[in-house]
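See structure below.
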Amino acid sequence: MKLPRHTHDAAMLIDFFEEGLTALGAVCDRSWHDRLDLLAEGRAAALWNTPEDFVEKQLRFVPADATGGRDADTEVFPGCPLTFRLAESLLGGTLLLDRAVLQPFDQGRPPGGDAVEKLWHAQFPGCSRWWLERPFQATWHFSVLLLARCETQAIDQHWSLHRLALTLADGKRDDLLAEQLVFAQANPRPQQTIDWPPFDLASWQERIRTALNEELADDLAGIRSRQESYLRRELDRVDDYFENYEREILQRAARSRSPDAQSKLEQRLAAARAEHQRRRGDQVQRHQIRVIPHLDALLLIAEPAWNSVVCCQEHHHTRRVAAHFVPRARRWFVDEPASHGAATTSPGGLASQEIV
């Protein structure tokens, strides 16, 4: 889910800078409605990347429609580097994993069999007969929610903020949870004990990268189209220059009868062709698109679910699957891979897998 960008509000920004710089140890004073005087040292002074330990500045908060050049050291404007540095300093260098428990979506009652059967058939078509091997039991469904700032480096620099929810079991996206998180209610005192699973960020890097690539696909399509247009124009310019240059060298070589001059022209031609390829490669490098994600928050979410063993018949074979149902998402999640076995008779008269 791509979060909308806030409009530039100088009054809101001056409050943010005053509170943020004060939290970092700076002394701030509003000398005018759009100006902030400050004395900073340590972490607060590090925002300006200066060798001095002590910084004295007057910040001016310019409106969004202001024209003319901007001073990034003393002015705060849309896309100002100082805003990003202050936010990153307040977040700190260590990414912590927080935990949250959601309130039950169904008031703690197991779902009806007919409804969950229809949802199973919608997700996994092909079952001719379906039943639950045992009644539903309460369990927990875990998801990882992350907040990521994506810096896209191209001809123009782009920033976007995304909230992604991934199922902890398989790493698949749960867009519904990411979109409806603002409507969810936390449960500070769950009645059941929660056995929180471990979470290793290093092992999740590939899953997060895949989810971000899917999330950014539409935005990158437009950026890639512009990059290809710019690259094509620059490559045509480089090709035209070196084609004309090589043509001129070949014409000189045709008019010259001196072996020494011919040898020098051939060397110049070889050097020009090598330089031509180098310039083309340089332009390709310059027009590459780089996406640098910055994870600002991680949240491990537990929400009530109902687990059971689902049995269904496919082509005269019984499929037995351990799965759990999440009422909030109205979805089934498979806990174990599907298994097939010999057909026996269940108490209800249906086929079931023989377990040894």
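By order of appearance in the structure tokens: chains A, B, ..., then residues from 1 within every chain, and ligands from 1 in the order shown.
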Pull the closest atom pair for each residue of region 247-335 of chain A that gets at most 9 Å from region 154-178 of chain A, along with the distance in Å to one decimal, counting only C-alpha atoms, ordering rows by chain and then ascending residue number, as JSON lines.
```
{"residue": "A:Arg286", "atom": "CA", "partner": "A:Ala154", "partner_atom": "CA", "distance": 8.4}
{"residue": "A:His287", "atom": "CA", "partner": "A:Ala154", "partner_atom": "CA", "distance": 6.6}
{"residue": "A:Gln288", "atom": "CA", "partner": "A:Ala154", "partner_atom": "CA", "distance": 6.7}
{"residue": "A:Ile289", "atom": "CA", "partner": "A:Ala154", "partner_atom": "CA", "distance": 5.1}
{"residue": "A:Arg290", "atom": "CA", "partner": "A:Ala154", "partner_atom": "CA", "distance": 6.8}
{"residue": "A:Val291", "atom": "CA", "partner": "A:Ala154", "partner_atom": "CA", "distance": 8.9}
{"residue": "A:Leu300", "atom": "CA", "partner": "A:Leu168", "partner_atom": "CA", "distance": 8.6}
{"residue": "A:Arg328", "atom": "CA", "partner": "A:Leu177", "partner_atom": "CA", "distance": 8.6}
{"residue": "A:Ala329", "atom": "CA", "partner": "A:Leu176", "partner_atom": "CA", "distance": 7.1}
{"residue": "A:Phe333", "atom": "CA", "partner": "A:Ala169", "partner_atom": "CA", "distance": 8.9}
{"residue": "A:Asp335", "atom": "CA", "partner": "A:Ala169", "partner_atom": "CA", "distance": 7.8}
```
Can I get the selection written as a JSON list (two decimals), in the first residue's frame, with N, CA and C atoms?
```json
[["chain", "number", "residue", "atom", "x", "y", "z"],
["A", 286, "ARG", "N", 24.78, 5.59, -16.47],
["A", 286, "ARG", "CA", 24.16, 6.81, -15.96],
["A", 286, "ARG", "C", 22.64, 6.72, -15.92],
["A", 287, "HIS", "N", 22.05, 5.92, -16.79],
["A", 287, "HIS", "CA", 20.59, 5.85, -16.89],
["A", 287, "HIS", "C", 20.02, 4.62, -16.20],
["A", 288, "GLN", "N", 20.81, 3.94, -15.40],
["A", 288, "GLN", "CA", 20.26, 2.84, -14.62],
["A", 288, "GLN", "C", 19.36, 3.37, -13.51],
["A", 289, "ILE", "N", 18.38, 2.55, -13.14],
["A", 289, "ILE", "CA", 17.45, 2.90, -12.06],
["A", 289, "ILE", "C", 17.85, 2.11, -10.82],
["A", 290, "ARG", "N", 18.04, 2.81, -9.74],
["A", 290, "ARG", "CA", 18.38, 2.17, -8.47],
["A", 290, "ARG", "C", 17.28, 2.48, -7.45],
["A", 291, "VAL", "N", 16.83, 1.45, -6.77],
["A", 291, "VAL", "CA", 15.83, 1.60, -5.72],
["A", 291, "VAL", "C", 16.49, 1.22, -4.39],
["A", 300, "LEU", "N", 5.28, -7.20, 14.30],
["A", 300, "LEU", "CA", 4.82, -8.58, 14.23],
["A", 300, "LEU", "C", 3.42, -8.62, 14.83],
["A", 328, "ARG", "N", -10.85, -12.32, 9.83],
["A", 328, "ARG", "CA", -10.66, -10.96, 9.34],
["A", 328, "ARG", "C", -10.47, -10.92, 7.83],
["A", 329, "ALA", "N", -9.66, -11.83, 7.31],
["A", 329, "ALA", "CA", -9.38, -11.86, 5.88],
["A", 329, "ALA", "C", -10.35, -12.75, 5.11],
["A", 333, "PHE", "N", -5.46, -20.49, 5.23],
["A", 333, "PHE", "CA", -4.02, -20.54, 5.10],
["A", 333, "PHE", "C", -3.58, -21.97, 5.41],
["A", 335, "ASP", "N", -1.23, -24.81, 6.54],
["A", 335, "ASP", "CA", -0.10, -24.95, 7.46],
["A", 335, "ASP", "C", 0.87, -26.03, 7.01]]
```
Could you find all residues in region 44-117 of chain A that DSSP calls alpha helix (DSSP H) from the backbone, and write them as a short mmCIF file (atom, residue, chain, number, x, y, z; two decimals) with N, CA, C and O atoms, in the first residue's frame?
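As a result, selection-v1.cif now contains:
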```cif
data_model
loop_
_atom_site.label_atom_id
_atom_site.label_comp_id
_atom_site.auth_asym_id
_atom_site.auth_seq_id
_atom_site.Cartn_x
_atom_site.Cartn_y
_atom_site.Cartn_z
N PRO A 81 16.66 18.13 2.24
CA PRO A 81 17.44 17.05 2.88
C PRO A 81 17.41 17.11 4.40
O PRO A 81 17.49 16.07 5.06
N LEU A 82 17.29 18.30 4.97
CA LEU A 82 17.27 18.41 6.43
C LEU A 82 16.09 17.66 7.04
O LEU A 82 16.20 17.08 8.13
N THR A 83 14.95 17.65 6.34
CA THR A 83 13.78 16.95 6.86
C THR A 83 14.04 15.45 6.96
O THR A 83 13.71 14.81 7.96
N PHE A 84 14.66 14.88 5.92
CA PHE A 84 14.97 13.45 5.95
C PHE A 84 16.00 13.13 7.03
O PHE A 84 15.88 12.12 7.73
N ARG A 85 17.02 13.97 7.15
CA ARG A 85 18.05 13.71 8.16
C ARG A 85 17.48 13.78 9.58
O ARG A 85 17.82 12.96 10.44
N LEU A 86 16.60 14.74 9.80
CA LEU A 86 16.00 14.86 11.13
C LEU A 86 15.13 13.65 11.43
O LEU A 86 15.17 13.10 12.55
N ALA A 87 14.33 13.22 10.45
CA ALA A 87 13.47 12.06 10.68
C ALA A 87 14.29 10.81 10.96
O ALA A 87 13.97 10.01 11.85
N GLU A 88 15.39 10.61 10.21
CA GLU A 88 16.22 9.44 10.42
C GLU A 88 16.93 9.50 11.76
O GLU A 88 17.11 8.46 12.42
N SER A 89 17.33 10.68 12.20
CA SER A 89 17.97 10.80 13.51
C SER A 89 17.00 10.49 14.63
O SER A 89 17.36 9.86 15.63
N LEU A 90 15.75 10.91 14.47
CA LEU A 90 14.75 10.63 15.50
C LEU A 90 14.41 9.14 15.55
O LEU A 90 14.12 8.60 16.63
N LEU A 91 14.42 8.49 14.39
CA LEU A 91 14.13 7.06 14.37
C LEU A 91 15.23 6.25 15.03
O LEU A 91 14.98 5.19 15.60
N GLY A 113 -19.71 -23.92 9.24
CA GLY A 113 -19.09 -24.86 8.32
C GLY A 113 -19.39 -24.57 6.86
O GLY A 113 -18.52 -24.70 5.99
N ASP A 114 -20.65 -24.18 6.55
CA ASP A 114 -21.02 -23.92 5.15
C ASP A 114 -20.23 -22.75 4.58
O ASP A 114 -19.78 -22.78 3.43
N ALA A 115 -20.07 -21.71 5.40
CA ALA A 115 -19.37 -20.52 4.91
C ALA A 115 -17.90 -20.81 4.63
O ALA A 115 -17.36 -20.43 3.58
N VAL A 116 -17.24 -21.50 5.56
CA VAL A 116 -15.82 -21.77 5.35
C VAL A 116 -15.61 -22.78 4.23
O VAL A 116 -14.58 -22.75 3.54
N GLU A 117 -16.57 -23.67 4.02
CA GLU A 117 -16.45 -24.61 2.89
C GLU A 117 -16.51 -23.87 1.56
O GLU A 117 -15.73 -24.15 0.63
#
```
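Minimum atom-to-atom distances from A:Ala148, A:Ala271, A:Ile249, A:Leu119 to Trp332 (chain A) were compared using only C-alpha atoms, and the lowest value belongs to A:Leu119.
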As a PyMOL selection string, list the residues of region 90-339 of chain A assigned to strand (DSSP E or B) by DSSP on the backbone atoms of this structure.
-> chain A and resi 97-102+129-132+137-153+157-167+173+186+290-314+317-326+331-334+339
Residues within 10 Å of Val27 (chain A), only C-alpha atoms, excluding chain neighbours under 6 positions, as a list of chain:residue names |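 Counting only the stated atoms, we get A:Glu18, A:Leu21, A:Asp37, A:Leu38, A:Leu39, A:Ala40, A:Glu41, A:Ala44, A:Glu56.
Using only C-alpha atoms, the smallest distance between any of A:Phe142, A:Phe54, A:Tyr241, A:Phe183 and Trp196 (chain A) comes from A:Phe142.
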Might you pull out every residue within 10 Å of Ile301 (chain A), with only C-alpha atoms counted and same-chain residues fewer than 2 positions away left off, and present them as a PyMOL selection string?
-> chain A and resi 98-102+140-145+165+167-168+186+196+298-299+303
Convert the current residue selection to file output with C-alpha atoms, as a PDB file, in the first residue's frame.
```pdb
ATOM      1  CA  ASP A  98       7.413  -4.405  17.895  1.00  0.00           C
ATOM      2  CA  ARG A  99       4.503  -6.744  18.609  1.00  0.00           C
ATOM      3  CA  ALA A 100       0.754  -6.222  18.529  1.00  0.00           C
ATOM      4  CA  VAL A 101      -2.340  -8.386  19.048  1.00  0.00           C
ATOM      5  CA  LEU A 102      -5.582  -7.661  17.194  1.00  0.00           C
ATOM      6  CA  TRP A 140      -3.059 -17.460  16.154  1.00  0.00           C
ATOM      7  CA  HIS A 141      -2.225 -16.171  12.700  1.00  0.00           C
ATOM      8  CA  PHE A 142       0.994 -14.139  12.427  1.00  0.00           C
ATOM      9  CA  SER A 143       1.865 -11.414   9.951  1.00  0.00           C
ATOM     10  CA  VAL A 144       4.746  -9.005   9.532  1.00  0.00           C
ATOM     11  CA  LEU A 145       3.912  -5.372   8.891  1.00  0.00           C
ATOM     12  CA  ALA A 165       1.870  -6.761   5.290  1.00  0.00           C
ATOM     13  CA  THR A 167       2.130 -13.548   6.065  1.00  0.00           C
ATOM     14  CA  LEU A 168       4.779 -14.914   8.385  1.00  0.00           C
ATOM     15  CA  ALA A 186      -5.455  -3.747  19.408  1.00  0.00           C
ATOM     16  CA  TRP A 196       5.511 -15.670  19.484  1.00  0.00           C
ATOM     17  CA  LEU A 298       8.644  -3.561  11.757  1.00  0.00           C
ATOM     18  CA  LEU A 299       5.593  -4.935  13.526  1.00  0.00           C
ATOM     19  CA  GLU A 303      -4.625 -12.152  15.235  1.00  0.00           C
TER      20      GLU A 303
END
```
